[in-house]
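Below is one structure, written out as structure tokens, with a few remarks after it.
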Amino acid sequence: MKNKQVTVMRIALSFLLVAGFAVQAVAGETYKMGLSLAITGPTSDVGSPYAKGAEDYVKYVNDEKLLGDDKLVCFIRDDGYKTEITKRNFEDFLDEEIVFYLNYSTGSTMALRQDFQEEQIPVLPASFHAGNLEGNDYIFLPIASYSSQAVGLAEYVAANHKGSGKPKVALFLHPSAFGRAPRDDVKKSVAAGLGIDLVEIVEHGKDLDNTAMLKRFQSKGVQYVISQTVQPPVATMLKGAQSLDMIAKTYGEAGKITFLGCHYGGGPALVSLAGSAADENYYWTTSYKMMTAKGPGRDAQFALAKRYGRDDKLAKDANYTNGIMVAQVAVETIRRAKAKGKKITRAVLYEELLAMNGFNAYNTLTTVGPVTFSKTDREGVDTLQLYVSKGGLFYEVGAPFESEYVKKIKQ
Amino acid sequence: MSYFLQLVVSGVVVGSIYALSALGFVLIYKSSRVLNIAHGQIIATGAFITYALTVFAGIPIVLAFLLSMVITFCLAMSVERIFLRRLIGEPIISVIMVTIGLMSIIDGLIYLTPFGSENFSFPEFLPKTPIAFWGVSMSWTQMVGVVITFTMIGGFTWFFKKSTVGISMRAVSDDQFASMSVGISVPKVFGLAWATAGLTAAAAGGIIGNITGLNFDVLHSFGIIVFPVVIVGGLDSILGAIVAGIIMGLIQQFASGYLDGKWGLFGTADVLPYIILLIILLFKPHGLFGIHEIERV
Amino acid sequence: MSENRWMATGNFFTSYKAEQRIFMTHIDRLVFICFLVALFAWPLFFKLGNKYMLVIDSILIAIVAVYGLNLLTGFAGLISIGHAAFVGVGAYTLASFATVLGTNHVLITHWWPLMILVSGVVGAVIGGIVGLPALRLKHLYLVIATLSFQMIFQWTINFMTFFNQGQTISIGRVFWFTGKVARKQHYLFWYYVILVIVVVLGLAVRNLLRSKHGRCLVAVRDNDRAADAMGMNPGITKVYAFALAGFFAGVAGALHAYLWRGVGFESFTLHHSISYLAMAIVGGLGTLVGSFFGPVAILMLELQVEHFAEFVGHYFTAIGDVATAFRPLSFGLVIVLFLMFEPRGIANWWRITRSYFKLWPFRY
């Protein structure tokens with residue numbers, strides 16, 4: 001009698017387990033890659049445009065037949081910024097036999113790096129933490145690491161400080177592995193002779209008000225704050241600084257604070273969050289080309305966004321570029337391997353990525369420099385571009401640069 | 001000295017916003033004994049409605065602010081009608097879990113709109129120059145926030161002391177059966193409690209949205225921050241919410257002003273409220289102003 | 001109890017002892033054994049992908065954690081929204097060993113059953129300490145006290161260098177008699193380990209609830225002053241309930257650490273606490289079978305919603321956000337609908353179907 005129940009239950013259970021996979025039609029070869037990221041939950045303001053960028057570019061590749069008759073499938077899955085779900089997605093992608101994996105947060109990249117190593121699959125994360133490269137061989141950073149960004153900004157501060165003495169700098173960090181990524185490298189650079197006075201390193205909380213911190217900065221004579229965090233805390237800090245009348249009107253104005261930020265701590269999305277507090281004189285660095293930087297890259301990105309019905313705000317988002325760029329690198333790797341007539345496998349793609357240097361460097365149009373990878377250098381775009389906000393838009397300052405001290409402390 | 005003064009002023013500002021956020025929470029608890037975990041989501045909803053009215057519909061911001069309070073008033077009332085009316089008389093855990101479920105539902109609904117994953121900021125309508133006195137400064141947004149907070153709290157105090165509806169709400173919170181027997185419609189009072197809570201949440205959302213910018217993740221986390229406030233104040237005391245709100249604001253400011261950066265500590269403002277909460281609860285299990293109920297077998 | 005222990009229609013007991021039997025009839029026992037055999041045997045016949053094995057393993061771990069939460073919240077009536085932190089205590093116990101001794105120390109890779117037990121004990125101790133406010137606090141104030149523990153736990157992990165500031169602390173691969181458990185067998189191996197633990201602990205809980213140490217929890221839940229009058233100490237009982245919950249959570253935490261081969265604080269946040277609570281409620285509070293149904297239902301729902309969202313996103317690409325919004329929406333709806341229409345959870349359906357078969361051929 002109850003056996004029946006149990007059977008029914010087991011049938012139902014196995015049905016639940018098995019159901020759900022839509023079968024994809026195969027035409028030519030199909031290459032699969034996976035992307036797991038936070039479209040909901042914390043940092044969804046970054047993840048959502050990122051996902052759309054990758055999605056649109058993959059669609060573009062298939063529509064324009066950039067890989068010939070072969071098709072590229074990119075599984076994009078939301079993990080809500082939860083490492084367990086990232087891992088589940090990754091295992092699922094592996095069951096689907098992906099050849100390339102795109103990851104997202106620093107936390108999940110660090111948590112899964114043993115798996116990447118064991119599976120020998122090339123990975124491009126959205127996290128630019130230099131620590132990702134340690135203890136494994138398969139993670140590649142798309143652009144210059146957080147360390148390069150923060151130290152690069154510090155070098156700019158040291159070089160352009162107008163007042164007397166060393167410029168006093170504070171670091172404003174996210175309380176996580178992501179935020180702390182550049183901390184030690186900045187300290188090392190200062191020890192190696194970088195001409196700044198690192199007054200304080202702050203890890204922020206979920207504060208509604210940063211008055212205490214800002215006042216403390218002022219009393220210690222801090223003139224520059226370098227942020228390595230996400231946009232909301234930066235916006236709150238900038239709004240606080242605005243209400244205290246602390247934001248420097250010009251670069252390095254005496255008695256005021258000039259704010260600078262790394263990739264995720266700035267960009268157009270910051271302006272839409274902080275309003276007038278960020279639309280003038282906020283310095284920001286990234287390896288991506290911005291929408292105000294005229295050129296083929298910008299036009300292509302706009303055209304892509306328009307083609308797939310994206311709105312203007314998304315088209316200008318730096319993380320939309322970010323998503324496009326990682327997909328570009330993956331596609332280029334596949335294309336090159338194909339051009340050599342090789343069968344696309346993880347190992348082949350890995351070799352191809354490592355060979356992406358010298359004359360083989362990949363010029364993406366969306367970044368300020370070429371993507372170069374090698375056995376010793378798994379940071380993609382080595383150059384950074386400094387931007388400054390004017391009237392709510394980011395404009396280039398000077399030419400693309402490379403951080404000197406990061407190279408020095410590596411030796 | 002001016003550093004200290006600044007911390008006090010900022011603490012009071014932040015604290016009064018906490019108080020306003022906590023007010024809606026207390027209103028619901030006071031009448032219907034429901035712990036509303038979805039409060040942060042309602043705050044975020046209020047802020048987004050204000051923004052949508054201002055920017056998408058082009059209504060002047062002050063009007064939009066008021067209108068969003070009205071809309072959230074109605075929304076919260078229908079939430080009570082649809083989800084919580086059935087649960088009157090169910091154990092506490094069911095009711096708490098329903099509000100947790102509500103939290104997820106509202107999350108899902110907000111992710112359907114652009115507000116879920118995009119950043120926005122209110123158009124600026126107040127002067128950008130800060131108000132400065134005795135070496136202390138605060139922004140106009142904060143100033144307006146404080147004024148609104150105290151107006152609303154004053155209004156509600158009057159409402160509970162003098163108006164018939166307010167008195168019936170207090171009666172229900174005191175004894176549901178007794179108030180039913182004198183002709184008060186208990187379900188109606190519950191609905192009204194939720195509605196007023198929605199109204200205050202929309203106000204809080206508007207103010208917070210102006211201070212931090214509109215990011216869903218930031219806004220809904222306020223639902224959690226108000227917990228230590230309401231518990232320290234006593235779950236059923238409006239006065240408690242105000243006092244505790246300001247205490248918490250001050251504690252957070254002093255923590256980040258004097259503790260952060262020393263002995264390698266950071267983000268103490270996030271954790272200290274909970275530590276203080278635990279300590280206070282050990283000595284006063286019903287909060288500072290909560291009513292100690294005598295229980296019988 | 002009728003003489004025929006194979007076929008029994010309805011309830012008929014002649015002694016209290018008979019009423020306390022784990023299996024009312026031999027058929028019950030037989031079905032249970034068959035089911036167990038099936039659980040152990042199916043991996044020999046079906047081959048599931050790693051993803052599904054991972055999902056099944058995490059369901060089993062959640063079952064262990066929900067045992068504890070159900071004892072605490074369902075049986076002892078003490079609501080906890082800090083259960084993930086207890087799970088975290090277990091996981092970080094293991095992680096502390098890994099930090100001090102090294103990731104691949106013999107203790108971690110060879111003596112893992114001991115480590116799981118140790119994590120459980122540490123969880124129990126911390127659970128007891130966190131339960132201390134229960135001596136004075138009641139109802140919602142206690143709920144918030146557990147929330148405070150959750151917050152303090154998160155902050156501590158995130159700011160202490162000893163815990164690698166919340167970054168992943170990796171745990172080495174374990175050894176079995178056949179040698180190192182490699183990636184290929186990893187999920188299957190842990191499936192068996194966790195399954196054994198689930199069965200053993202399930203029987204333990206069932207037996208606990210038959211003894212006075214279990215029933216005192218129910219007595220305190222139903223009326224702690226009456227329980228006091230009957231000679232139980234409600235305060236001690238509550239602390240004991242927290243310690244019990246902490247033990248199960250600790251074991252679950254250690255298993256989590258081994259299965260994921262690392263511990264990071266992101267797995268033990270408030271959100272996870274809420275999920276555990278949802279599992280306990282949807283399964284059915286205050287029932288043992290609820291501890292099985294809840295995790296299965298919630299985690300399977302999440303997976304199915306994900307598939308559905310992907311399916312929808314496949315056809316309506318322009319509304320990608322719609323697809324991702326399904327997950328929180330469905331999670332919330334399931335909780336709310338259950339509470340509104342079936343507050344006793346899936347366990348109640350189980351009870352109804354069981355009693356149908358039990359009373360058959362009569363209606364009632």
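In the structure tokens, chains take the letters A, B, ... in the order shown, each chain's residues start at 1, and ligands count up from 1 in the order shown.
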Exercise for the section: Quick one: pick out all alpha helix (DSSP H) residues within segment 134-182 of chain C from a backbone DSSP run and write them as a list of chain:residue names. Expected result: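 In segment 134-182 of chain C, DSSP puts these residues in alpha helix (DSSP H): C:His139, C:Leu140, C:Tyr141, C:Leu142, C:Val143, C:Ile144, C:Ala145, C:Thr146, C:Leu147, C:Ser148, C:Phe149, C:Gln150, C:Met151, C:Ile152, C:Phe153, C:Gln154, C:Trp155, C:Thr156, C:Ile157, C:Asn158, C:Phe159.
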Exercise for the section: Would you give me, as a PyMOL selection string, the residues of chain B that come within 7 Å of chain A, using only C-alpha atoms? Expected result: chain B and resi 3+7+10+14+117-121+129-130+137-139+211-215+217+253+256-257+261+266-267+269-270
Save out the residues we just selected, C-alpha atoms, as a short mmCIF file (atom, residue, chain, number, x, y, z; two decimals), in the first residue's frame.
data_model
loop_
_atom_site.label_atom_id
_atom_site.label_comp_id
_atom_site.auth_asym_id
_atom_site.auth_seq_id
_atom_site.Cartn_x
_atom_site.Cartn_y
_atom_site.Cartn_z
CA TYR B 3 34.82 67.27 15.87
CA LEU B 7 29.59 63.84 15.50
CA SER B 10 25.44 63.95 12.45
CA VAL B 14 21.15 59.88 11.22
CA SER B 117 19.61 46.79 -10.64
CA GLU B 118 20.14 50.37 -11.77
CA ASN B 119 21.25 53.41 -9.86
CA PHE B 120 19.29 56.64 -9.78
CA SER B 121 19.44 59.86 -7.88
CA THR B 129 25.83 74.73 -0.07
CA PRO B 130 25.79 73.20 3.39
CA SER B 137 27.92 71.57 9.01
CA MET B 138 25.00 69.63 7.65
CA SER B 139 23.37 69.49 4.26
CA ILE B 211 20.89 61.18 1.12
CA THR B 212 22.34 58.01 -0.38
CA GLY B 213 20.98 57.95 -3.90
CA LEU B 214 18.63 55.22 -5.09
CA ASN B 215 20.21 51.82 -4.96
CA ASP B 217 20.55 47.09 -2.09
CA GLN B 253 28.87 58.15 14.75
CA SER B 256 33.17 55.34 13.48
CA GLY B 257 34.59 58.60 14.83
CA GLY B 261 41.13 52.81 12.72
CA PHE B 266 36.73 48.94 11.12
CA GLY B 267 33.04 49.06 10.40
CA ALA B 269 29.26 51.18 13.41
CA ASP B 270 27.71 48.12 11.81
#
Practice task
Counting only C-alpha atoms, figure out which residue out of C:Gly235, C:Gly294, C:Gly123, C:Gly77 gets nearest to chain B.
Solution key: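 Smallest separation from chain B among the options: C:Gly77.
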Practice task
Might you pull out every residue within 7 Å of Gly252 of chain A, with only C-alpha atoms counted and same-chain residues fewer than 3 positions away left off, and present them as a PyMOL selection string?
Solution key: chain A and resi 161-162+223+248+258
Handout entry: Close residues, Lys17 of chain C itself excluded, 12 Å, only C-alpha atoms, min 4 positions apart in chain, as a list in words
Key = Met1, Phe13, Arg21, Ile22, Phe23, Met24, Arg210 and Ser211 of chain C
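Using only C-alpha atoms, the protein and nucleic acid residues lying no more than 9 Å from Tyr282 of chain A, apart from those fewer than 2 places from it along its own chain, are Thr258, Phe259, Leu260, Gly261, Gly266, Ala277, Ala278, Asp279, Glu280, Trp284, Tyr387, Val388, Ser389, Lys390 and Phe394 of chain A.
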Handout entry: Residues of chain C within 8 Å of chain B, counting only C-alpha atoms, as a ChimeraX atom specification
Key = /C:79,133,136-137,140-141,144-145,148-149,151-152,155,159,223,225-226,274,277-278,321-322,324-336,339-340,343
With C-alpha atoms retained, export the selected residues as a PDB file, in the first residue's frame.
ATOM      1  CA  ILE C  79      12.444  31.287  16.856  1.00  0.00           C
ATOM      2  CA  PRO C 133      19.666  35.411  26.766  1.00  0.00           C
ATOM      3  CA  ARG C 136      15.458  36.247  30.345  1.00  0.00           C
ATOM      4  CA  LEU C 137      14.115  37.044  26.906  1.00  0.00           C
ATOM      5  CA  LEU C 140      10.255  38.633  19.580  1.00  0.00           C
ATOM      6  CA  TYR C 141      12.997  39.981  21.797  1.00  0.00           C
ATOM      7  CA  ILE C 144      16.174  39.776  17.691  1.00  0.00           C
ATOM      8  CA  ALA C 145      18.818  38.428  20.043  1.00  0.00           C
ATOM      9  CA  SER C 148      22.223  40.057  16.777  1.00  0.00           C
ATOM     10  CA  PHE C 149      24.263  36.894  16.995  1.00  0.00           C
ATOM     11  CA  MET C 151      25.259  40.094  12.727  1.00  0.00           C
ATOM     12  CA  ILE C 152      28.042  39.825  15.276  1.00  0.00           C
ATOM     13  CA  TRP C 155      31.245  41.052  11.471  1.00  0.00           C
ATOM     14  CA  PHE C 159      37.203  41.511  10.287  1.00  0.00           C
ATOM     15  CA  ASN C 223       3.538  26.689  28.273  1.00  0.00           C
ATOM     16  CA  ARG C 225       5.170  28.404  33.311  1.00  0.00           C
ATOM     17  CA  ALA C 226       3.158  25.199  33.418  1.00  0.00           C
ATOM     18  CA  ILE C 274      16.020  32.984   6.447  1.00  0.00           C
ATOM     19  CA  LEU C 277      13.652  29.027   8.495  1.00  0.00           C
ATOM     20  CA  ALA C 278      11.668  28.851   5.272  1.00  0.00           C
ATOM     21  CA  ASP C 321      15.305  40.905 -15.886  1.00  0.00           C
ATOM     22  CA  VAL C 322      11.912  39.289 -15.726  1.00  0.00           C
ATOM     23  CA  THR C 324      15.866  36.718 -12.820  1.00  0.00           C
ATOM     24  CA  ALA C 325      13.081  38.243 -10.785  1.00  0.00           C
ATOM     25  CA  PHE C 326      11.280  34.909 -10.694  1.00  0.00           C
ATOM     26  CA  ARG C 327      13.572  33.495  -8.082  1.00  0.00           C
ATOM     27  CA  PRO C 328      12.871  35.840  -5.171  1.00  0.00           C
ATOM     28  CA  LEU C 329       9.277  36.124  -6.280  1.00  0.00           C
ATOM     29  CA  SER C 330       8.634  32.395  -6.249  1.00  0.00           C
ATOM     30  CA  PHE C 331      10.544  31.892  -3.006  1.00  0.00           C
ATOM     31  CA  GLY C 332       8.379  34.506  -1.323  1.00  0.00           C
ATOM     32  CA  LEU C 333       5.158  33.263  -2.836  1.00  0.00           C
ATOM     33  CA  VAL C 334       5.796  29.701  -1.749  1.00  0.00           C
ATOM     34  CA  ILE C 335       6.386  30.748   1.846  1.00  0.00           C
ATOM     35  CA  VAL C 336       3.390  33.048   1.950  1.00  0.00           C
ATOM     36  CA  LEU C 339       1.513  29.899   5.586  1.00  0.00           C
ATOM     37  CA  MET C 340      -1.833  31.108   4.347  1.00  0.00           C
ATOM     38  CA  PRO C 343       0.495  26.431   7.852  1.00  0.00           C
TER      39      PRO C 343
END
Problem - Expected answer as a PyMOL selection string: chain C residues within 7 Å of chain A, only C-alpha atoms - result: chain C and resi 31+49-51+54+167-168+262+266-267+304+307+324+357
Exercise for the section: For Gly145 of chain B, please output as a list in words all residues within 8 Å (counting only C-alpha atoms; exclusion window: fewer than 3 positions along the same chain). Expected result: Val13, Ile17, Thr141, Gln142, Ile148, Thr149 and Ile207 of chain B
Handout entry: Straight-line distance linking atom CA of His292 of chain B with atom CA of Phe177 of chain B, stated in Å to one decimal
Key =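 Atom CA of His292 of chain B sits 19.4 Å away from atom CA of Phe177 of chain B.
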Problem - Straight-line distance linking atom CA of Leu94 of chain C with atom CA of Leu255 of chain C, stated in Å to one decimal - result: 9.5 Å
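Distances from A:Ser145, A:Leu133, A:Gly323, A:Leu173 to Ser36 of chain A were compared using only C-alpha atoms, and the smallest one belongs to A:Gly323.
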Problem - Who sits within 8 Å of Phe25 of chain B, only C-alpha atoms, same chain under 2 positions skipped, as a ChimeraX atom specification - result: /B:21-23,27-29,35-36,39,197,230
Output C-alpha atoms for every residue in the selection just made, as a compact mmCIF listing (two decimals), in the first residue's frame.
# COMPACT_ATOMS: atom_id res chain seq x y z
CA SER B 21 12.24 54.27 9.74
CA ALA B 22 11.55 52.59 13.05
CA LEU B 23 8.30 54.46 13.55
CA LEU B 27 3.14 51.28 14.56
CA ILE B 28 2.56 47.83 13.14
CA TYR B 29 3.86 46.04 16.18
CA LEU B 35 7.20 41.97 13.44
CA ASN B 36 7.44 43.30 9.94
CA HIS B 39 9.86 47.04 6.29
CA ALA B 197 3.40 52.39 8.63
CA VAL B 230 13.08 49.22 17.89
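The nearest approach to Met115 of chain C among the residues C:Ala254, C:Val181, C:Val312, C:Val87, with only C-alpha atoms taken into account, belongs to C:Ala254.
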Problem - Between atom CA of His271 of chain C and atom CA of Ser221 of chain B - distance in Å to one decimal - result: 11.8 Å
Which parts of segment 15-194 of chain B does DSSP call strand (DSSP E or B) when run on the backbone here, written out as a short mmCIF file (atom, residue, chain, number, x, y, z; two decimals) with N, CA and C atoms, in the first residue's frame?
data_model
loop_
_atom_site.label_atom_id
_atom_site.label_comp_id
_atom_site.auth_asym_id
_atom_site.auth_seq_id
_atom_site.Cartn_x
_atom_site.Cartn_y
_atom_site.Cartn_z
N PHE B 120 19.92 55.38 -9.44
CA PHE B 120 19.29 56.64 -9.78
C PHE B 120 19.59 57.63 -8.68
N ILE B 131 24.68 73.93 5.40
CA ILE B 131 24.40 74.86 6.49
C ILE B 131 25.54 74.70 7.49
N ALA B 132 26.21 75.80 7.82
CA ALA B 132 27.35 75.68 8.73
C ALA B 132 27.15 76.59 9.93
N PHE B 133 27.43 76.05 11.11
CA PHE B 133 27.38 76.87 12.32
C PHE B 133 28.34 76.29 13.33
N VAL B 136 30.33 73.37 12.58
CA VAL B 136 29.61 72.13 12.32
C VAL B 136 28.81 72.34 11.05
N SER B 137 28.74 71.33 10.20
CA SER B 137 27.92 71.57 9.01
C SER B 137 27.02 70.38 8.71
N MET B 138 25.90 70.67 8.12
CA MET B 138 25.00 69.63 7.65
C MET B 138 24.36 70.08 6.35
#
